[in-house]
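Reproduced below: run23.pdb, with PDB, C-alpha atoms and all ligand atoms.
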ATOM      1  CA  MET A1395       0.000   0.000   0.000
ATOM      2  CA  VAL A1396       1.312   3.396  -0.962
ATOM      3  CA  PRO A1397       0.424   6.007   1.680
ATOM      4  CA  ILE A1398      -1.421   9.039   0.369
ATOM      5  CA  ILE A1399      -2.658  12.323   1.771
ATOM      6  CA  THR A1400      -5.287  14.105  -0.315
ATOM      7  CA  ILE A1401      -5.528  17.881   0.011
ATOM      8  CA  ASP A1402      -8.556  19.443  -1.663
ATOM      9  CA  GLY A1403     -10.027  22.935  -1.647
ATOM     10  CA  ALA A1404     -10.699  26.034  -3.719
ATOM     11  CA  SER A1405      -8.047  28.368  -5.175
ATOM     12  CA  GLY A1406      -6.257  30.504  -2.627
ATOM     13  CA  THR A1407      -6.842  28.229   0.344
ATOM     14  CA  GLY A1408      -3.110  27.503   0.485
ATOM     15  CA  LYS A1409      -3.381  23.956  -0.904
ATOM     16  CA  GLY A1410      -0.468  24.255  -3.307
ATOM     17  CA  THR A1411       2.026  25.735  -0.846
ATOM     18  CA  VAL A1412       1.021  23.372   1.948
ATOM     19  CA  SER A1413       1.121  20.319  -0.334
ATOM     20  CA  GLU A1414       4.569  21.145  -1.688
ATOM     21  CA  ARG A1415       5.892  21.699   1.832
ATOM     22  CA  LEU A1416       4.528  18.369   3.022
ATOM     23  CA  ALA A1417       5.860  16.492  -0.012
ATOM     24  CA  LYS A1418       9.325  17.947   0.612
ATOM     25  CA  GLN A1419       9.224  17.287   4.345
ATOM     26  CA  PHE A1420       8.052  13.668   3.932
ATOM     27  CA  GLY A1421      10.170  13.008   0.821
ATOM     28  CA  TRP A1422       6.971  11.913  -0.987
ATOM     29  CA  HIS A1423       5.772  12.463  -4.530
ATOM     30  CA  PHE A1424       3.548  15.458  -5.287
ATOM     31  CA  LEU A1425       0.582  15.588  -7.651
ATOM     32  CA  ASP A1426      -0.565  19.087  -8.628
ATOM     33  CA  SER A1427      -3.731  17.969 -10.424
ATOM     34  CA  GLY A1428      -4.777  21.565 -11.184
ATOM     35  CA  ALA A1429      -1.627  21.856 -13.340
ATOM     36  CA  LEU A1430      -2.981  19.090 -15.594
ATOM     37  CA  TYR A1431      -6.208  21.029 -16.211
ATOM     38  CA  ARG A1432      -4.193  24.210 -16.758
ATOM     39  CA  LEU A1433      -1.922  22.381 -19.240
ATOM     40  CA  LEU A1434      -4.968  21.149 -21.105
ATOM     41  CA  ALA A1435      -6.228  24.747 -21.255
ATOM     42  CA  VAL A1436      -2.898  26.022 -22.661
ATOM     43  CA  ALA A1437      -2.806  23.187 -25.206
ATOM     44  CA  ALA A1438      -6.420  23.942 -26.224
ATOM     45  CA  GLU A1439      -5.525  27.603 -26.822
ATOM     46  CA  ARG A1440      -2.459  26.668 -28.851
ATOM     47  CA  HIS A1441      -4.414  24.235 -31.024
ATOM     48  CA  GLN A1442      -7.312  26.710 -31.265
ATOM     49  CA  ILE A1443      -9.826  24.306 -29.752
ATOM     50  CA  ALA A1444     -12.872  25.971 -28.173
ATOM     51  CA  PHE A1445     -13.617  25.188 -24.501
ATOM     52  CA  ASP A1446     -16.915  23.537 -25.474
ATOM     53  CA  ASP A1447     -15.559  21.356 -28.302
ATOM     54  CA  VAL A1448     -15.918  18.188 -26.246
ATOM     55  CA  SER A1449     -14.607  15.595 -28.697
ATOM     56  CA  ARG A1450     -11.433  17.478 -29.696
ATOM     57  CA  LEU A1451     -10.708  18.427 -26.083
ATOM     58  CA  THR A1452     -11.121  14.843 -24.954
ATOM     59  CA  MET A1453      -8.726  13.645 -27.668
ATOM     60  CA  LEU A1454      -6.286  16.363 -26.655
ATOM     61  CA  ALA A1455      -6.516  15.293 -23.001
ATOM     62  CA  GLU A1456      -5.880  11.653 -23.936
ATOM     63  CA  LYS A1457      -2.741  12.541 -25.918
ATOM     64  CA  LEU A1458      -1.504  15.487 -23.827
ATOM     65  CA  ASP A1459       2.291  15.548 -24.198
ATOM     66  CA  VAL A1460       3.391  16.611 -20.724
ATOM     67  CA  VAL A1461       6.587  16.111 -18.739
ATOM     68  CA  PHE A1462       6.958  17.021 -15.041
ATOM     69  CA  ALA A1463      10.697  17.409 -14.433
ATOM     70  CA  LYS A1464      12.171  18.603 -11.133
ATOM     71  CA  GLY A1465       9.823  21.544 -10.548
ATOM     72  CA  HIS A1466       9.516  22.348 -14.265
ATOM     73  CA  ILE A1467       6.674  21.492 -16.621
ATOM     74  CA  LEU A1468       7.048  20.855 -20.337
ATOM     75  CA  LEU A1469       4.099  20.886 -22.730
ATOM     76  CA  GLU A1470       4.826  19.510 -26.189
ATOM     77  CA  GLY A1471       8.540  19.994 -25.471
ATOM     78  CA  GLU A1472       8.258  23.620 -24.309
ATOM     79  CA  TYR A1473       8.707  24.989 -20.791
ATOM     80  CA  VAL A1474       5.332  26.323 -19.590
ATOM     81  CA  THR A1475       5.886  26.378 -15.816
ATOM     82  CA  GLU A1476       4.979  30.085 -15.546
ATOM     83  CA  ILE A1477       2.545  30.374 -18.464
ATOM     84  CA  ILE A1478       0.022  27.976 -16.897
ATOM     85  CA  ARG A1479      -0.288  30.103 -13.727
ATOM     86  CA  THR A1480      -2.209  33.102 -15.110
ATOM     87  CA  GLU A1481      -5.783  33.883 -13.973
ATOM     88  CA  ALA A1482      -6.999  33.568 -17.585
ATOM     89  CA  ILE A1483      -5.625  30.036 -17.886
ATOM     90  CA  GLY A1484      -7.069  29.146 -14.450
ATOM     91  CA  ASN A1485     -10.474  30.254 -15.673
ATOM     92  CA  LEU A1486     -10.244  28.339 -18.929
ATOM     93  CA  ALA A1487      -9.014  25.272 -17.000
ATOM     94  CA  SER A1488     -12.078  25.497 -14.768
ATOM     95  CA  LYS A1489     -14.381  25.559 -17.831
ATOM     96  CA  ILE A1490     -12.656  22.581 -19.444
ATOM     97  CA  ALA A1491     -12.637  20.731 -16.103
ATOM     98  CA  ALA A1492     -16.440  20.685 -16.183
ATOM     99  CA  LEU A1493     -16.381  18.308 -19.184
ATOM    100  CA  PRO A1494     -16.847  14.731 -17.922
ATOM    101  CA  THR A1495     -14.948  13.043 -20.789
ATOM    102  CA  ALA A1496     -11.956  15.376 -20.415
ATOM    103  CA  ARG A1497     -11.855  14.495 -16.698
ATOM    104  CA  THR A1498     -12.002  10.769 -17.468
ATOM    105  CA  ALA A1499      -9.142  11.179 -19.949
ATOM    106  CA  LEU A1500      -6.959  12.640 -17.172
ATOM    107  CA  LEU A1501      -7.858  10.050 -14.552
ATOM    108  CA  ALA A1502      -5.137   7.459 -15.205
ATOM    109  CA  ARG A1503      -2.456  10.167 -15.514
ATOM    110  CA  GLN A1504      -3.245  11.244 -11.969
ATOM    111  CA  ARG A1505      -3.359   7.767 -10.462
ATOM    112  CA  VAL A1506       0.148   6.855 -11.728
ATOM    113  CA  PHE A1507       1.579   9.431  -9.328
ATOM    114  CA  ARG A1508       0.751   7.054  -6.490
ATOM    115  CA  GLN A1509       4.181   5.565  -5.913
ATOM    116  CA  LEU A1510       6.333   4.691  -2.935
ATOM    117  CA  PRO A1511       7.314   6.116  -0.546
ATOM    118  CA  GLY A1512       4.009   8.090  -0.680
ATOM    119  CA  LEU A1513       1.991  10.803  -2.371
ATOM    120  CA  ILE A1514       0.605  14.215  -1.510
ATOM    121  CA  ALA A1515      -2.262  14.826  -3.955
ATOM    122  CA  ASP A1516      -3.514  18.407  -4.368
ATOM    123  CA  GLY A1517      -6.773  19.251  -6.166
ATOM    124  CA  ARG A1518     -10.551  19.461  -6.052
ATOM    125  CA  ASP A1519     -11.575  15.780  -6.197
ATOM    126  CA  MET A1520      -8.537  13.930  -4.843
ATOM    127  CA  GLY A1521     -10.355  12.573  -1.782
ATOM    128  CA  THR A1522     -13.753  12.095  -3.427
ATOM    129  CA  VAL A1523     -12.933  10.615  -6.857
ATOM    130  CA  ILE A1524      -9.262  10.044  -7.692
ATOM    131  CA  PHE A1525      -8.026   8.461  -4.441
ATOM    132  CA  PRO A1526     -11.200   7.695  -2.444
ATOM    133  CA  ASP A1527      -9.361   5.006  -0.428
ATOM    134  CA  SER A1528      -6.956   7.552   1.098
ATOM    135  CA  THR A1529      -6.991   7.263   4.882
ATOM    136  CA  CYS A1530      -5.985  10.894   5.368
ATOM    137  CA  LYS A1531      -8.176  13.395   3.538
ATOM    138  CA  ILE A1532      -7.878  17.108   4.102
ATOM    139  CA  PHE A1533     -10.180  19.864   2.834
ATOM    140  CA  LEU A1534      -8.928  23.439   3.157
ATOM    141  CA  THR A1535     -11.244  26.433   3.262
ATOM    142  CA  ALA A1536     -10.782  30.222   3.586
ATOM    143  CA  SER A1537     -13.027  33.243   3.115
ATOM    144  CA  ILE A1538     -13.228  34.745  -0.365
ATOM    145  CA  GLU A1539     -11.691  38.022   0.895
ATOM    146  CA  GLU A1540      -8.675  36.263   2.394
ATOM    147  CA  ARG A1541      -8.167  34.113  -0.700
ATOM    148  CA  ALA A1542      -8.320  37.150  -2.996
ATOM    149  CA  ARG A1543      -5.874  39.007  -0.729
ATOM    150  CA  ARG A1544      -3.412  36.092  -0.854
ATOM    151  CA  ARG A1545      -3.623  35.929  -4.640
ATOM    152  CA  TYR A1546      -3.226  39.723  -4.866
ATOM    153  CA  ASN A1547      -0.047  39.577  -2.781
ATOM    154  CA  GLN A1548       1.325  36.674  -4.838
ATOM    155  CA  LEU A1549       0.770  38.582  -8.087
ATOM    156  CA  LYS A1550       2.279  41.785  -6.706
ATOM    157  CA  GLU A1551       5.318  39.928  -5.396
ATOM    158  CA  ALA A1552       5.776  38.450  -8.866
ATOM    159  CA  GLY A1553       5.687  42.009 -10.258
ATOM    160  CA  ARG A1554       2.360  41.458 -12.033
ATOM    161  CA  GLU A1555      -0.742  43.641 -12.323
ATOM    162  CA  ALA A1556      -3.485  42.843  -9.804
ATOM    163  CA  ASP A1557      -6.862  44.261  -8.820
ATOM    164  CA  LEU A1558      -8.526  43.042  -5.625
ATOM    165  CA  THR A1559     -12.129  43.528  -6.776
ATOM    166  CA  SER A1560     -11.552  41.675 -10.058
ATOM    167  CA  LEU A1561      -9.851  38.870  -8.146
ATOM    168  CA  VAL A1562     -12.851  38.513  -5.800
ATOM    169  CA  ASN A1563     -15.166  38.369  -8.833
ATOM    170  CA  GLU A1564     -13.006  35.862 -10.722
ATOM    171  CA  LEU A1565     -12.603  33.593  -7.698
ATOM    172  CA  THR A1566     -16.353  33.696  -7.002
ATOM    173  CA  GLU A1567     -17.149  32.797 -10.610
ATOM    174  CA  ARG A1568     -14.607  29.947 -10.623
ATOM    175  CA  ASP A1569     -15.857  28.629  -7.239
ATOM    176  CA  THR A1570     -19.432  28.532  -8.478
ATOM    177  CA  ARG A1571     -18.436  26.632 -11.616
ATOM    178  CA  ASP A1572     -16.181  24.173  -9.734
ATOM    179  CA  LYS A1573     -18.795  23.533  -7.023
ATOM    180  CA  THR A1574     -21.854  23.158  -9.233
ATOM    181  CA  ARG A1575     -20.524  21.065 -12.130
ATOM    182  CA  ALA A1576     -22.236  17.698 -12.576
ATOM    183  CA  VAL A1577     -19.073  15.583 -12.406
ATOM    184  CA  SER A1578     -16.551  15.586  -9.536
ATOM    185  CA  PRO A1579     -17.639  18.925  -8.053
ATOM    186  CA  LEU A1580     -15.478  20.665  -5.490
ATOM    187  CA  LYS A1581     -16.684  19.342  -2.134
ATOM    188  CA  PRO A1582     -15.165  17.699   0.924
ATOM    189  CA  ALA A1583     -15.187  13.902   1.142
ATOM    190  CA  THR A1584     -17.494  12.756   3.935
ATOM    191  CA  ASP A1585     -14.425  11.543   5.874
ATOM    192  CA  ALA A1586     -12.283  14.635   5.231
ATOM    193  CA  LEU A1587     -10.803  16.811   7.964
ATOM    194  CA  ILE A1588     -11.889  20.376   7.199
ATOM    195  CA  ILE A1589      -9.370  23.074   8.101
ATOM    196  CA  ASP A1590     -10.317  26.759   7.926
ATOM    197  CA  THR A1591      -7.037  28.486   7.035
ATOM    198  CA  ASP A1592      -8.232  32.101   7.423
ATOM    199  CA  LYS A1593      -6.399  32.739  10.667
ATOM    200  CA  LEU A1594      -3.671  30.130  10.338
ATOM    201  CA  THR A1595      -0.128  30.457   9.019
ATOM    202  CA  ILE A1596       1.196  27.976   6.461
ATOM    203  CA  ASP A1597       3.289  26.390   9.252
ATOM    204  CA  GLN A1598       0.192  25.899  11.414
ATOM    205  CA  VAL A1599      -1.751  24.280   8.558
ATOM    206  CA  VAL A1600       1.196  21.988   7.784
ATOM    207  CA  GLU A1601       1.418  21.039  11.472
ATOM    208  CA  ARG A1602      -2.298  20.161  11.641
ATOM    209  CA  ILE A1603      -1.986  17.938   8.593
ATOM    210  CA  ILE A1604       1.067  16.186  10.050
ATOM    211  CA  GLN A1605      -0.981  15.495  13.206
ATOM    212  CA  ALA A1606      -3.791  14.062  11.050
ATOM    213  CA  ALA A1607      -1.268  11.905   9.136
ATOM    214  CA  LYS A1608       0.118  10.606  12.447
ATOM    215  CA  MET A1609      -3.398   9.747  13.628
ATOM    216  CA  ALA A1610      -3.858   7.798  10.392
ATOM    217  CA  HIS A1611      -0.487   6.043  11.022
ATOM    218  CA  LEU A1612       0.972   7.406   7.780
ATOM    219  CA  CYS A1613       4.072   8.879   9.403
TER     220      CYS A1613
HETATM  221  O1  LIG B1701      -5.906  24.365  -8.482
HETATM  222  P1  LIG B1701      -5.878  25.189  -9.727
HETATM  223  O2  LIG B1701      -6.324  26.611  -9.517
HETATM  224  O3  LIG B1701      -4.535  25.116 -10.409
HETATM  225  O4  LIG B1701      -6.933  24.496 -10.738
HETATM  226  C1  LIG B1701      -7.344  25.103 -11.944
HETATM  227  C2  LIG B1701      -8.732  24.598 -12.314
HETATM  228  O5  LIG B1701      -8.666  23.210 -12.629
HETATM  229  C3  LIG B1701      -9.778  24.712 -11.204
HETATM  230  O6  LIG B1701     -10.494  25.922 -11.254
HETATM  231  C4  LIG B1701     -10.690  23.540 -11.448
HETATM  232  C5  LIG B1701      -9.826  22.536 -12.165
HETATM  233  N1  LIG B1701      -9.439  21.397 -11.325
HETATM  234  C6  LIG B1701     -10.348  20.371 -11.205
HETATM  235  O7  LIG B1701     -11.441  20.458 -11.722
HETATM  236  N2  LIG B1701     -10.006  19.252 -10.510
HETATM  237  C7  LIG B1701      -8.822  19.148  -9.913
HETATM  238  N3  LIG B1701      -8.512  18.043  -9.242
HETATM  239  C8  LIG B1701      -7.896  20.219  -9.988
HETATM  240  C9  LIG B1701      -8.234  21.339 -10.693
END
Write the structure described by the file as structure tokens, please.
Ligand code: DC
Amino acid sequence: MVPIITIDGASGTGKGTVSERLAKQFGWHFLDSGALYRLLAVAAERHQIAFDDVSRLTMLAEKLDVVFAKGHILLEGEYVTEIIRTEAIGNLASKIAALPTARTALLARQRVFRQLPGLIADGRDMGTVIFPDSTCKIFLTASIEERARRRYNQLKEAGREADLTSLVNELTERDTRDKTRAVSPLKPATDALIIDTDKLTIDQVVERIIQAAKMAHLC
């Protein structure tokens, strides 16, 4: 059995940072499932495939030429590590992620990440659909204001343009789409530990998850 901790939640809840920290600390593999949907969105733009062209998008997802290499991501042989992180690509990824056949096409790609010594899986449906047998499921939440503020600070630190009101609107729109889609909507697994990160530091969230992993005898 390969131990696995699933960490789900909406954008800006700190999932990515917390997951990477845990993977490093435990020496486990890390699955950033959102990156796969973002890569599919970039590939769709490059091949001029509309977000509602289900059959072409599904074929694209099945054949997606992606390499994850030591913190870098290559799409069709080109480095796209930064390109996939824009708000526009996040939005397009969320639209494409609502297509059931595109999701199915990405299923096996996600499950192969489950390898010894263990896996930290970050996403929206890790605990509910992709790895439902995980014995340590975490669901992170935070208020929309706090999430928008975190994203604003990230963008500013990266020297990019940012507007708090637009970020609140974009996050709200993306949340609604991710939560209400018919297949694999964003929601906590019934056996997930829900952590509200509003008033917690990254270190405190990491510590709570380590405690949960200990309780589940994973470390
Ligand atoms: O986590 P993220 O912001 O990189 O994800 C981008 C979009 O991809 C998100 O809005 C919804 C979709 N997604 C998904 O549907 N299922 C996942 N497991 C991960 C991401």
What does the list of residues within 6 Å of ligand LIG 1701 (chain B) look like if you count only C-alpha atoms and all ligand atoms, written as a CSV table (one decimal) with C-alpha atoms, keeping the file's coordinate frame?
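The result, written out as selection18.csv:
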chain,number,residue,atom,x,y,z
A,1405,SER,CA,-8.0,28.4,-5.2
A,1427,SER,CA,-3.7,18.0,-10.4
A,1428,GLY,CA,-4.8,21.6,-11.2
A,1429,ALA,CA,-1.6,21.9,-13.3
A,1431,TYR,CA,-6.2,21.0,-16.2
A,1432,ARG,CA,-4.2,24.2,-16.8
A,1484,GLY,CA,-7.1,29.1,-14.4
A,1487,ALA,CA,-9.0,25.3,-17.0
A,1488,SER,CA,-12.1,25.5,-14.8
A,1491,ALA,CA,-12.6,20.7,-16.1
A,1517,GLY,CA,-6.8,19.3,-6.2
A,1518,ARG,CA,-10.6,19.5,-6.1
A,1519,ASP,CA,-11.6,15.8,-6.2
A,1568,ARG,CA,-14.6,29.9,-10.6
A,1572,ASP,CA,-16.2,24.2,-9.7
Expand the PyMOL selection byres (((chain A and resi 1502) around 12) and not hetatm) into the individual residues it matches in the shown file, reporting them as an MDAnalysis selection string.
chainID A and resid 1427 1430 1455:1456 1496:1501 1503:1508 1523:1525
Enumerate, as an MDAnalysis selection string, the protein, DNA and RNA residues whose atoms approach (2.1, 24.2, 0.7) to within 12 Å, taking into account all atoms listed in the file and the coordinate frame of the file.
chainID A and resid 1401:1402 1406:1419 1424 1426 1514:1516 1534 1591 1595:1601 1603
Given only C-alpha atoms as the counted atoms, nearest of A:Leu1486, A:Leu1587, A:Leu1565, A:Val1474 to A:Ile1532
A:Leu1587
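As for atom CA of A:Leu1468 and atom CA of A:Ala1492, they are spaced 23.9 Å apart.
Counting from atom CA of A:Val1460, the distance to atom CA of A:Tyr1473 is 9.9 Å.
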A:Thr1570 surroundings by all atoms listed in the file, 12 Å radius, close-in-sequence under 2 positions cut, as a PyMOL selection string
chain A and resi 1404-1405+1485+1488-1489+1492+1538+1563-1568+1572-1576+1579-1581
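Atom pair atom CA of A:Glu1470 / atom CA of A:Leu1549 has a distance of 26.6 Å (rounded to one decimal).
Each of A:Ala1536, A:Leu1510, A:Leu1433, A:Ala1444 was checked against A:Glu1476 using only C-alpha atoms; the smallest atom-to-atom distance is that of A:Leu1433.
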Taking the file above as input, evaluate the PyMOL selection byres (((chain A and resi 1558) around 10) and not hetatm) and report the hits as a ChimeraX atom specification.
/A:1539,1542-1547,1556-1557,1559-1564
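You can rank A:Lys1531, A:Thr1522, A:Lys1608, A:Lys1550 by their closest distance to A:Ile1589 using all atoms listed in the file, and at the top of that list sits A:Lys1531.
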Selection result of the PyMOL selection byres (((chain A and resi 1450-1454) around 8) and not hetatm) on this file, as a PDB file with C-alpha atoms, in the frame of the given file:
ATOM      1  CA  LEU A1434      -4.968  21.149 -21.105  1.00  0.00           C
ATOM      2  CA  ALA A1437      -2.806  23.187 -25.206  1.00  0.00           C
ATOM      3  CA  ALA A1438      -6.420  23.942 -26.224  1.00  0.00           C
ATOM      4  CA  ILE A1443      -9.826  24.306 -29.752  1.00  0.00           C
ATOM      5  CA  PHE A1445     -13.617  25.188 -24.501  1.00  0.00           C
ATOM      6  CA  ASP A1447     -15.559  21.356 -28.302  1.00  0.00           C
ATOM      7  CA  VAL A1448     -15.918  18.188 -26.246  1.00  0.00           C
ATOM      8  CA  SER A1449     -14.607  15.595 -28.697  1.00  0.00           C
ATOM      9  CA  ALA A1455      -6.516  15.293 -23.001  1.00  0.00           C
ATOM     10  CA  GLU A1456      -5.880  11.653 -23.936  1.00  0.00           C
ATOM     11  CA  LYS A1457      -2.741  12.541 -25.918  1.00  0.00           C
ATOM     12  CA  LEU A1458      -1.504  15.487 -23.827  1.00  0.00           C
ATOM     13  CA  THR A1495     -14.948  13.043 -20.789  1.00  0.00           C
ATOM     14  CA  ALA A1496     -11.956  15.376 -20.415  1.00  0.00           C
ATOM     15  CA  ALA A1499      -9.142  11.179 -19.949  1.00  0.00           C
TER      16      ALA A1499
END
